[in-house]
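So this block is input-v3.txt, compact mmCIF, C-alpha atoms:
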# COMPACT_ATOMS: atom_id res chain seq x y z
CA MET A 251 -22.48 13.83 11.84
CA THR A 252 -19.64 14.01 9.37
CA GLU A 253 -19.48 11.99 6.17
CA ARG A 254 -17.15 9.66 8.00
CA SER A 255 -20.18 8.39 9.87
CA THR A 256 -21.48 6.79 6.70
CA LEU A 257 -18.91 4.13 7.57
CA ARG A 258 -19.82 1.49 10.08
CA ARG A 259 -18.80 1.56 13.71
CA LEU A 260 -16.36 -1.23 14.46
CA PRO A 261 -18.50 -4.32 13.82
CA ALA A 262 -19.50 -6.35 16.86
CA ARG A 263 -17.08 -8.89 18.26
CA GLY A 264 -17.62 -12.25 16.64
CA SER A 265 -19.39 -10.83 13.60
CA ARG A 266 -18.46 -12.04 10.16
CA GLU A 267 -17.38 -8.57 9.07
CA LEU A 268 -15.12 -8.04 12.06
CA GLU A 269 -13.46 -11.37 11.28
CA VAL A 270 -12.92 -10.26 7.68
CA ILE A 271 -11.35 -6.97 8.79
CA TYR A 272 -9.04 -8.65 11.28
CA ALA A 273 -8.04 -11.32 8.75
CA ILE A 274 -7.03 -8.59 6.28
CA LEU A 275 -5.01 -6.79 8.94
CA ASP A 276 -3.30 -10.00 10.00
CA ALA A 277 -2.38 -11.01 6.45
CA ALA A 278 -0.62 -7.69 5.79
CA PHE A 279 2.29 -5.98 7.47
CA VAL A 280 2.39 -2.57 5.79
CA ALA A 281 -0.28 -0.01 6.54
CA HIS A 282 -0.78 3.40 4.98
CA VAL A 283 -1.45 5.91 7.73
CA GLY A 284 -3.34 9.08 6.87
CA PHE A 285 -3.48 12.26 8.93
CA ALA A 286 -4.03 15.93 8.21
CA VAL A 287 -2.11 18.98 9.37
CA ASP A 288 -3.91 22.29 8.67
CA GLY A 289 -6.06 20.55 6.07
CA GLN A 290 -3.07 19.07 4.25
CA PRO A 291 -3.31 15.26 4.11
CA TYR A 292 -0.27 13.03 4.53
CA VAL A 293 -0.09 9.30 3.80
CA ILE A 294 2.88 7.41 5.24
CA PRO A 295 3.62 3.68 4.90
CA THR A 296 4.51 1.93 8.14
CA LEU A 297 4.71 -1.45 9.83
CA PHE A 298 2.08 -2.28 12.40
CA GLY A 299 0.78 -4.92 14.77
CA ARG A 300 -2.68 -5.75 16.08
CA ALA A 301 -4.08 -7.08 19.34
CA GLY A 302 -7.89 -7.12 19.53
CA ASP A 303 -9.24 -3.73 18.48
CA LYS A 304 -5.87 -2.02 19.05
CA LEU A 305 -3.33 -1.27 16.38
CA TYR A 306 0.29 -0.64 17.36
CA LEU A 307 2.62 1.65 15.42
CA HIS A 308 6.17 2.70 16.16
CA GLY A 309 8.61 5.23 14.85
CA SER A 310 11.10 7.91 15.64
CA ALA A 311 9.94 10.40 18.26
CA ALA A 312 11.00 13.15 15.82
CA SER A 313 8.68 12.11 12.97
CA ARG A 314 5.78 14.36 12.00
CA MET A 315 3.49 11.36 11.85
CA MET A 316 4.29 10.26 15.40
CA ARG A 317 3.97 13.80 16.77
CA THR A 318 0.65 14.40 15.00
CA LEU A 319 -0.87 11.05 15.90
CA GLN A 320 0.02 11.18 19.58
CA SER A 321 -1.69 14.56 19.84
CA GLY A 322 -4.95 12.66 19.35
CA ALA A 323 -5.58 13.84 15.78
CA PRO A 324 -8.04 11.72 13.78
CA VAL A 325 -6.25 8.94 11.91
CA CYS A 326 -7.16 6.73 8.97
CA VAL A 327 -5.21 3.52 8.56
CA THR A 328 -5.62 1.57 5.34
CA VAL A 329 -4.29 -1.90 4.61
CA THR A 330 -4.43 -3.33 1.10
CA LEU A 331 -3.60 -6.79 -0.22
CA VAL A 332 -3.37 -7.21 -3.98
CA ASP A 333 -4.65 -10.60 -5.14
CA GLY A 334 -4.74 -10.31 -8.91
CA LEU A 335 -5.49 -8.44 -12.10
CA VAL A 336 -8.97 -8.96 -13.50
CA LEU A 337 -8.71 -8.90 -17.29
CA ALA A 338 -12.03 -8.37 -19.00
CA ARG A 339 -12.90 -8.16 -22.68
CA SER A 340 -13.67 -4.44 -22.41
CA ALA A 341 -11.43 -1.77 -20.92
CA PHE A 342 -14.28 -0.64 -18.68
CA HIS A 343 -14.66 -3.95 -16.86
CA HIS A 344 -10.99 -4.36 -15.97
CA SER A 345 -10.50 -4.55 -12.25
CA MET A 346 -8.31 -5.82 -9.46
CA ASN A 347 -8.90 -8.61 -6.99
CA TYR A 348 -7.93 -7.28 -3.59
CA ARG A 349 -8.74 -7.10 0.09
CA SER A 350 -8.59 -3.80 1.90
CA ALA A 351 -9.51 -2.54 5.33
CA VAL A 352 -10.00 1.11 6.20
CA LEU A 353 -9.83 1.96 9.90
CA PHE A 354 -10.57 5.18 11.77
CA GLY A 355 -9.55 6.03 15.28
CA THR A 356 -7.26 8.03 17.48
CA ALA A 357 -3.92 7.11 18.95
CA ARG A 358 -2.12 7.67 22.22
CA ALA A 359 1.52 7.22 23.12
CA ILE A 360 2.48 4.31 25.34
CA ASP A 361 5.00 5.56 27.91
CA ASP A 362 5.47 2.70 30.34
CA PRO A 363 8.62 0.81 29.23
CA ALA A 364 7.15 -2.63 29.95
CA LEU A 365 3.96 -1.89 27.98
CA LYS A 366 6.05 -0.29 25.23
CA THR A 367 8.14 -3.45 24.97
CA GLU A 368 4.98 -5.57 24.82
CA ALA A 369 3.61 -3.43 21.98
CA LEU A 370 6.89 -3.71 20.07
CA GLN A 371 6.66 -7.47 20.49
CA VAL A 372 3.17 -7.39 18.96
CA ILE A 373 4.52 -5.46 15.96
CA SER A 374 7.51 -7.80 15.61
CA GLU A 375 5.45 -11.00 15.86
CA HIS A 376 2.93 -9.56 13.40
CA LEU A 377 5.74 -9.00 10.90
CA ILE A 378 7.54 -12.29 11.44
CA ALA A 379 6.24 -14.67 14.08
CA GLY A 380 8.96 -16.41 16.06
CA ARG A 381 11.60 -13.73 15.66
CA TRP A 382 11.17 -11.79 18.90
CA ASP A 383 12.38 -14.56 21.22
CA GLU A 384 15.62 -15.03 19.28
CA VAL A 385 16.88 -11.47 19.07
CA ARG A 386 18.21 -9.03 21.62
CA ALA A 387 15.31 -7.15 23.23
CA PRO A 388 15.24 -3.34 23.19
CA ASN A 389 17.31 -1.69 25.90
CA SER A 390 16.21 1.43 27.76
CA LEU A 391 18.01 3.84 25.39
CA GLU A 392 16.36 2.20 22.37
CA LEU A 393 12.96 2.35 24.08
CA LYS A 394 13.46 6.07 24.74
CA ALA A 395 14.33 6.72 21.10
CA THR A 396 11.15 4.95 19.92
CA THR A 397 7.64 6.33 20.06
CA VAL A 398 5.04 3.58 20.33
CA LEU A 399 1.41 4.37 19.63
CA GLU A 400 -1.73 2.47 20.48
CA LEU A 401 -4.57 3.23 18.11
CA THR A 402 -8.04 2.18 19.14
CA ILE A 403 -10.06 1.20 16.08
CA GLU A 404 -13.34 3.10 16.38
CA GLU A 405 -14.78 2.55 12.89
CA ALA A 406 -13.77 0.14 10.20
CA SER A 407 -14.85 -1.30 6.91
CA ALA A 408 -13.56 -3.94 4.55
CA LYS A 409 -13.76 -4.05 0.80
CA THR A 410 -12.81 -7.05 -1.30
CA ARG A 411 -13.12 -8.26 -4.85
CA VAL A 412 -12.73 -11.89 -5.83
CA GLY A 413 -13.46 -13.93 -8.91
CA PRO A 414 -13.42 -13.66 -12.69
CA PRO A 415 -14.19 -10.66 -14.88
CA MET A 416 -17.84 -9.76 -15.45
CA ASP A 417 -18.26 -8.68 -19.04
CA ASP A 418 -21.22 -7.22 -20.90
CA GLU A 419 -23.09 -10.08 -22.56
CA GLN A 420 -22.28 -8.99 -26.12
CA ASP A 421 -18.54 -8.75 -25.31
CA TYR A 422 -18.16 -12.45 -24.50
CA ALA A 423 -17.95 -13.11 -28.24
CA LEU A 424 -14.81 -10.95 -28.62
CA PRO A 425 -11.63 -12.91 -29.46
CA VAL A 426 -9.75 -11.55 -26.44
CA TRP A 427 -8.10 -13.51 -23.64
CA ALA A 428 -9.94 -12.89 -20.40
CA GLY A 429 -9.44 -14.13 -16.88
CA VAL A 430 -7.48 -13.43 -13.74
CA LEU A 431 -3.74 -13.05 -13.32
CA PRO A 432 -3.10 -13.94 -9.65
CA LEU A 433 -0.58 -11.76 -7.81
CA SER A 434 0.89 -12.20 -4.37
CA LEU A 435 3.83 -11.07 -2.31
CA LYS A 436 6.34 -13.93 -2.37
CA ALA A 437 9.51 -14.46 -0.38
CA GLY A 438 12.73 -15.23 -2.23
CA ALA A 439 15.76 -17.11 -0.88
CA PRO A 440 17.01 -15.64 2.42
CA GLN A 441 20.21 -13.59 1.94
CA PRO A 442 22.54 -14.17 4.92
CA ASP A 443 24.37 -11.12 6.24
CA VAL A 444 28.05 -11.11 5.22
CA ARG A 445 29.00 -11.00 8.88
CA LEU A 446 26.80 -13.96 9.84
CA ALA A 447 28.79 -16.40 12.00
CA GLU A 448 29.27 -19.85 10.48
CA GLY A 449 26.87 -22.64 11.29
CA ILE A 450 23.79 -20.47 11.82
CA ALA A 451 21.04 -21.66 9.49
CA ALA A 452 17.98 -19.60 8.63
CA PRO A 453 15.18 -20.67 11.01
CA ASP A 454 11.96 -22.19 9.72
CA TYR A 455 9.98 -19.00 10.36
CA ILE A 456 12.22 -17.34 7.74
CA LYS A 457 12.44 -20.23 5.29
CA HIS A 458 8.68 -20.70 5.31
CA TYR A 459 7.63 -17.08 5.57
CA ARG A 460 3.97 -16.57 4.70
CA GLY A 461 5.02 -14.02 2.02
CA MET B 206 4.77 28.10 5.02
CA THR B 207 3.16 24.92 6.31
CA GLU B 208 5.07 21.89 7.48
CA ARG B 209 4.38 20.38 4.11
CA SER B 210 6.93 22.78 2.67
CA THR B 211 9.70 20.92 4.47
CA LEU B 212 9.27 18.50 1.57
CA ARG B 213 10.97 19.31 -1.68
CA ARG B 214 9.24 20.90 -4.63
CA LEU B 215 9.01 18.46 -7.51
CA PRO B 216 12.71 17.91 -8.34
CA ALA B 217 13.94 19.38 -11.62
CA ARG B 218 13.40 17.45 -14.82
CA GLY B 219 16.35 15.16 -15.46
CA SER B 220 17.51 15.19 -11.85
CA ARG B 221 18.51 11.94 -10.20
CA GLU B 222 15.80 12.29 -7.58
CA LEU B 223 13.05 12.90 -10.10
CA GLU B 224 14.16 9.76 -11.93
CA VAL B 225 13.97 7.80 -8.67
CA ILE B 226 10.46 9.08 -7.94
CA TYR B 227 9.20 8.28 -11.45
CA ALA B 228 10.82 4.82 -11.36
CA ILE B 229 8.98 4.03 -8.12
CA LEU B 230 5.68 5.22 -9.59
CA ASP B 231 6.21 3.21 -12.75
CA ALA B 232 7.09 0.01 -10.88
CA ALA B 233 3.86 0.12 -8.85
CA PHE B 234 0.22 0.10 -9.83
CA VAL B 235 -1.59 0.69 -6.55
CA ALA B 236 -1.46 4.11 -4.91
CA HIS B 237 -2.88 5.12 -1.55
CA VAL B 238 -4.68 8.42 -1.96
CA GLY B 239 -5.10 10.66 1.07
CA PHE B 240 -7.52 13.54 1.44
CA ALA B 241 -9.27 15.25 4.34
CA VAL B 242 -12.91 16.21 4.80
CA ASP B 243 -13.51 18.55 7.76
CA GLY B 244 -10.17 17.51 9.24
CA GLN B 245 -10.96 13.80 8.98
CA PRO B 246 -8.33 12.01 6.87
CA TYR B 247 -9.24 9.24 4.43
CA VAL B 248 -6.83 6.86 2.70
CA ILE B 249 -8.14 4.92 -0.27
CA PRO B 250 -6.24 2.43 -2.45
CA THR B 251 -6.61 2.94 -6.18
CA LEU B 252 -5.03 2.16 -9.53
CA PHE B 253 -3.22 4.98 -11.31
CA GLY B 254 -1.23 5.95 -14.36
CA ARG B 255 1.50 8.53 -14.97
CA ALA B 256 2.52 10.72 -17.88
CA GLY B 257 5.27 13.22 -17.07
CA ASP B 258 4.38 15.11 -13.90
CA LYS B 259 0.69 14.16 -14.17
CA LEU B 260 -0.95 11.31 -12.34
CA TYR B 261 -4.24 9.89 -13.63
CA LEU B 262 -6.90 8.37 -11.39
CA HIS B 263 -10.33 7.06 -12.23
CA GLY B 264 -13.39 5.98 -10.35
CA SER B 265 -17.11 6.16 -9.97
CA ALA B 266 -18.51 9.68 -10.16
CA ALA B 267 -20.40 8.90 -6.95
CA SER B 268 -17.33 8.16 -4.81
CA ARG B 269 -16.40 10.52 -1.99
CA MET B 270 -12.78 10.42 -3.10
CA MET B 271 -13.59 11.50 -6.64
CA ARG B 272 -15.94 14.25 -5.47
CA THR B 273 -13.45 15.60 -2.93
CA LEU B 274 -10.45 15.48 -5.24
CA GLN B 275 -12.12 17.16 -8.17
CA SER B 276 -13.08 20.06 -5.91
CA GLY B 277 -9.36 20.91 -5.85
CA ALA B 278 -8.75 19.76 -2.26
CA PRO B 279 -5.10 19.07 -1.37
CA VAL B 280 -4.17 15.48 -2.09
CA CYS B 281 -1.36 13.22 -0.94
CA VAL B 282 -0.64 10.15 -3.06
CA THR B 283 1.72 7.53 -1.67
CA VAL B 284 3.15 4.57 -3.55
CA THR B 285 5.06 1.86 -1.70
CA LEU B 286 6.98 -1.15 -2.98
CA VAL B 287 8.05 -3.75 -0.43
CA ASP B 288 11.44 -5.29 -1.26
CA GLY B 289 12.27 -7.35 1.80
CA LEU B 290 12.45 -7.87 5.53
CA VAL B 291 15.68 -6.75 7.18
CA LEU B 292 16.40 -9.15 10.03
CA ALA B 293 18.94 -7.80 12.48
CA ARG B 294 20.38 -9.35 15.64
CA SER B 295 18.51 -6.89 17.85
CA ALA B 296 14.80 -6.12 17.74
CA PHE B 297 15.59 -2.40 17.46
CA HIS B 298 17.49 -2.69 14.18
CA HIS B 299 14.87 -4.69 12.33
CA SER B 300 13.68 -2.86 9.27
CA MET B 301 12.16 -3.21 5.83
CA ASN B 302 13.74 -2.72 2.43
CA TYR B 303 11.33 -0.67 0.39
CA ARG B 304 10.85 2.13 -2.07
CA SER B 305 8.18 4.74 -1.51
CA ALA B 306 7.18 8.00 -3.14
CA VAL B 307 4.99 10.61 -1.48
CA LEU B 308 3.38 13.13 -3.82
CA PHE B 309 1.41 16.29 -3.13
CA GLY B 310 -0.77 18.15 -5.55
CA THR B 311 -4.27 18.99 -6.60
CA ALA B 312 -6.51 17.31 -9.12
CA ARG B 313 -9.01 18.39 -11.73
CA ALA B 314 -11.59 16.40 -13.61
CA ILE B 315 -11.04 15.68 -17.29
CA ASP B 316 -14.32 16.24 -19.13
CA ASP B 317 -13.47 16.00 -22.81
CA PRO B 318 -14.29 12.41 -23.90
CA ALA B 319 -11.20 12.10 -26.13
CA LEU B 320 -8.85 13.30 -23.38
CA LYS B 321 -10.68 11.12 -20.89
CA THR B 322 -10.12 8.08 -23.11
CA GLU B 323 -6.43 8.97 -23.45
CA ALA B 324 -6.07 9.19 -19.67
CA LEU B 325 -7.80 5.82 -19.23
CA GLN B 326 -5.36 4.38 -21.74
CA VAL B 327 -2.46 5.73 -19.65
CA ILE B 328 -3.90 4.02 -16.55
CA SER B 329 -4.51 0.77 -18.45
CA GLU B 330 -1.05 0.67 -20.04
CA HIS B 331 0.51 1.49 -16.65
CA LEU B 332 -1.26 -1.51 -15.14
CA ILE B 333 -0.61 -3.95 -17.98
CA ALA B 334 1.17 -2.70 -21.07
CA GLY B 335 -0.22 -4.07 -24.32
CA ARG B 336 -3.72 -4.70 -23.07
CA TRP B 337 -5.48 -1.55 -24.27
CA ASP B 338 -5.20 -2.27 -27.99
CA GLU B 339 -6.76 -5.74 -27.62
CA VAL B 340 -9.88 -4.91 -25.67
CA ARG B 341 -13.06 -3.04 -26.46
CA ALA B 342 -12.55 0.67 -25.84
CA PRO B 343 -14.90 2.54 -23.51
CA ASN B 344 -18.16 3.67 -25.10
CA SER B 345 -19.82 6.98 -24.36
CA LEU B 346 -22.05 5.60 -21.60
CA GLU B 347 -19.05 4.06 -19.86
CA LEU B 348 -17.10 7.31 -20.18
CA LYS B 349 -19.98 9.20 -18.59
CA ALA B 350 -20.09 6.80 -15.64
CA THR B 351 -16.37 7.24 -15.00
CA THR B 352 -14.72 10.24 -13.39
CA VAL B 353 -11.15 10.70 -14.58
CA LEU B 354 -8.82 13.00 -12.65
CA GLU B 355 -5.53 14.56 -13.62
CA LEU B 356 -3.36 15.31 -10.63
CA THR B 357 -0.41 17.63 -11.17
CA ILE B 358 2.47 16.59 -8.91
CA GLU B 359 3.58 19.78 -7.16
CA GLU B 360 5.86 18.36 -4.48
CA ALA B 361 7.35 14.92 -4.13
CA SER B 362 9.88 12.94 -2.22
CA ALA B 363 11.21 9.42 -2.35
CA LYS B 364 12.40 7.25 0.48
CA THR B 365 14.14 3.93 0.03
CA ARG B 366 16.06 1.40 2.08
CA VAL B 367 18.32 -1.21 0.56
CA GLY B 368 20.92 -3.57 1.86
CA PRO B 369 21.69 -5.72 4.88
CA PRO B 370 20.90 -5.08 8.55
CA MET B 371 23.14 -2.66 10.45
CA ASP B 372 23.68 -4.03 13.94
CA ASP B 373 25.38 -2.54 16.96
CA GLU B 374 28.97 -3.76 16.99
CA GLN B 375 28.61 -5.87 20.14
CA ASP B 376 25.51 -7.64 18.72
CA TYR B 377 27.37 -9.21 15.78
CA ALA B 378 28.61 -11.89 18.17
CA LEU B 379 25.05 -13.06 18.96
CA PRO B 380 24.20 -16.53 17.60
CA VAL B 381 21.17 -15.25 15.65
CA TRP B 382 20.51 -15.60 11.94
CA ALA B 383 20.64 -12.18 10.30
CA GLY B 384 20.17 -10.99 6.76
CA VAL B 385 17.49 -10.03 4.31
CA LEU B 386 14.41 -11.96 3.26
CA PRO B 387 13.58 -10.61 -0.23
CA LEU B 388 9.89 -10.04 -0.97
CA SER B 389 8.21 -9.13 -4.22
CA LEU B 390 4.83 -9.23 -5.86
CA LYS B 391 4.82 -12.25 -8.17
CA ALA B 392 2.35 -13.33 -10.81
CA GLY B 393 0.97 -16.86 -10.69
CA ALA B 394 -0.39 -18.89 -13.59
CA PRO B 395 -3.08 -17.00 -15.55
CA GLN B 396 -6.60 -18.32 -14.78
CA PRO B 397 -8.68 -18.29 -17.98
CA ASP B 398 -12.28 -17.18 -17.63
CA VAL B 399 -14.72 -20.12 -17.79
CA ARG B 400 -16.43 -18.48 -20.76
CA LEU B 401 -13.19 -17.96 -22.70
CA ALA B 402 -13.64 -19.11 -26.32
CA GLU B 403 -11.41 -22.02 -27.34
CA GLY B 404 -8.09 -21.38 -29.00
CA ILE B 405 -7.35 -18.04 -27.33
CA ALA B 406 -3.99 -18.27 -25.55
CA ALA B 407 -2.85 -15.84 -22.90
CA PRO B 408 -0.75 -13.15 -24.63
CA ASP B 409 2.92 -12.60 -23.71
CA TYR B 410 2.16 -9.42 -21.80
CA ILE B 411 0.13 -11.59 -19.39
CA LYS B 412 2.43 -14.63 -19.33
CA HIS B 413 5.47 -12.44 -18.66
CA TYR B 414 3.86 -9.85 -16.42
CA ARG B 415 6.43 -7.81 -14.50
CA GLY B 416 4.66 -8.81 -11.28

Kindly present the structure from the file in C-alpha cells form.
Amino acid sequence: MTERSTLRRLPARGSRELEVIYAILDAAFVAHVGFAVDGQPYVIPTLFGRAGDKLYLHGSAASRMMRTLQSGAPVCVTVTLVDGLVLARSAFHHSMNYRSAVLFGTARAIDDPALKTEALQVISEHLIAGRWDEVRAPNSLELKATTVLELTIEEASAKTRVGPPMDDEQDYALPVWAGVLPLSLKAGAPQPDVRLAEGIAAPDYIKHYRG
Amino acid sequence: MTERSTLRRLPARGSRELEVIYAILDAAFVAHVGFAVDGQPYVIPTLFGRAGDKLYLHGSAASRMMRTLQSGAPVCVTVTLVDGLVLARSAFHHSMNYRSAVLFGTARAIDDPALKTEALQVISEHLIAGRWDEVRAPNSLELKATTVLELTIEEASAKTRVGPPMDDEQDYALPVWAGVLPLSLKAGAPQPDVRLAEGIAAPDYIKHYRG
C-alpha cells in the first residue's frame, strides 16, 4: 500500500462523486500530466478527451511524455477550473473557488488507425464540439506522426470550493471589502485567418463557445 | 546526466528567455506542482508567488505535498496560460495558443515567522496586488498552522504558441472557417459578502482585476 492508496478507487458508476469528477473533466480542456523519470517529476500541459473511464491524449511520437506514458509508467492527470478569488477580511482566510480532479492510472498506445482516428475525434469534440465533421480528417501520414494514448482512470478524486469567505467572528467588524471575485475563461471575438475565403462565416459552435 | 538536463539551466539574469519565463509566472496565479513518492507522480494545483528566482508556496502542514516538498524532493512546477483555440482546416493542424513555463528545483521550509509573513505577502500580492495592506495580517497561531516553502528555480523553460493556424497548402481551398478563437480568464462583477458592512465599496484593485 503506497500513500497513493489513501485516494479513492474510481467511484462507482452512477455515484454522485463520479458525476462530479466527470463534470470537471468535461468542463475543462487542458490537463496537467505528471510522470516521473528516475524520480524526477515532470508536469506537462496538454489537451485531452474523455469517453467513460478512459482519457485520451495525443502528441508527437518523439516527446518524452508520450514515450514515458506509453511504457506503462504511473501517471497523474490533474484538471483545474478556476471559479473565483475568495477575499476574506484576514489574509489567512483568503482562498480560491475552484474545481479540480486528480486522476491516477496507466496509459497504452493505440495503434490501430481506425481506433486512433476515433480517439482523436474524442479529443477534438471535447475541445470544440461540432468541429470534427467540418474539417479534413487525418490522413495516414498524419496518423503515423501522432501518438495517441488511452489512459484508464484507476483512481480519482475531486476537490472543489464554492461560496463566500469564512472569516473569524471578530474579523467581521473590520472595515474591509470582502466577497468573491468570479473568474472564468471567456471567449473573445473569433479572429478569421487572413487567408480565409470570402463568404465563410464563423459557425455557431465557435460564436457560442462555452469558454 | 538525466533526461531532465536536456532542459536549460535557469537562463541568465536579463536574458530574453528569463524575461519570458518570469512574465508567464507573473501573469498566472495557479501553478501545478509535480512531485513523486515511490515513483508515483502527483500533480496538485496551488497558488504561488515569485520574487527573483524564488517561488513561494503555502499550505497546510499536514498536506502530503508540503511534507514531500520540504524534504527536498525534486519538484516540477508548471504554469500554463491559455490564450486561444487555433482552428485549422485540417484536424491535424488544430492547436492552442498558450504560454507555459516549466520549472525544476527543490524547496525548503521557511521557519522564521517574519520571513514566513514576508513570503505570504509575496503570494498575496502576486494573487491580488494591493490586498495585503488592507486585511488583517496572519497572527502567530495562523503562521504555525501554515507551511511556507521557498523553491529555488534551478532549471526552467518556456513554451508558447501565438498566431493563426498553419495549414497544408492544398487545404487552404477547403470551405471551412479557420482562425483563432481568443480565450482569457476574465473577472465578473464582484459579489459582496452578505455580512459586508454598509458603505464599503469594492476597491479598484478588485474592480479592475487583471483577470

* Please, what distance in Å, to one decimal, runs between CA of Leu356 (chain B) and CA of Leu433 (chain A)? ->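 One can read the CA of Leu356 (chain B) to CA of Leu433 (chain A) distance as 27.4 Å.
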
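When only C-alpha atoms are used to measure the gap to Asp338 (chain B), the shortest distance among B:Gly264, B:Glu224, B:Asp316, B:Tyr410 belongs to B:Tyr410.
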
Extending 5 Å beyond the listed atoms of region 336-346 of chain B on each side, what axis-aligned box results? I want centre and edge lengths in Å to one decimal, as AutoDock Vina command-line options.
--center_x -12.9 --center_y 0.6 --center_z -24.8 --size_x 28.3 --size_y 22.7 --size_z 16.4

* Counting only C-alpha atoms, what is within 10 Å of Ala402 (chain B), bar same-chain residues fewer than 6 positions away, as a list in words? ->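 Listing them by chain and then by number gives Tyr422, Ala423, Leu424, Pro425, Val426, Trp427 and Ala428 of chain A.
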
* In terms of the shortest atom-to-atom distance over all atoms listed in the file, which of A:Met316, A:Leu446, A:Ile274, A:Met346 is closest to Thr330 (chain A)? -> A:Ile274

* Among listed residues A:Asn347, A:Arg263, A:Pro388, A:Val352, nearest His237 (chain B) (using all atoms listed in the file) -> A:Val352

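Rounded to one decimal, CA of Glu222 (chain B) and CA of Phe297 (chain B) lie 29.0 Å from each other.
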
* Asked: Could you list as a list in words every residue that has an atom within 8 Å of (-18.2, 10.4, -28.8), using the file's coordinates and counting all atoms listed in the file?
  -> Pro318, Ala319, Asn344 and Ser345 of chain B

* Asked: In file coordinates, which residues lie within 12 Å of (3.9, -14.1, -20.7) using all atoms listed in the file, given as a ChimeraX atom specification?
  -> /A:431 /B:333-335,392-395,406-416

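Considering only C-alpha atoms, the residue among A:Leu335, A:Ala341, A:Val287, A:Ala323 positioned nearest to Thr322 (chain B) is A:Ala341.
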
* Pick from A:Gly413, A:Gly449, A:Gly429, A:Pro261, whichever lies nearest to chain B using all atoms listed in the file ->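 Closest to chain B, using all atoms listed in the file: A:Gly429.
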
* **Counting all atoms listed in the file, the option among B:Ser329, B:Ser295, B:Ser220, B:Thr351 closest to chain A** =>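 Of B:Ser329, B:Ser295, B:Ser220, B:Thr351, the one nearest chain A is B:Ser295, counting all atoms listed in the file.
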
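A straight line drawn from CA of Glu384 (chain A) to CA of Pro387 (chain B) is 20.1 Å long.
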
* Asked: Residues at most 12 Å from Asp231 (chain B), counting only C-alpha atoms, excluding those fewer than 5 positions away in the same chain, as a PyMOL selection string?
  -> chain B and resi 224-226+236+252-257+260+284-286+304-306+327-328+330-334+415
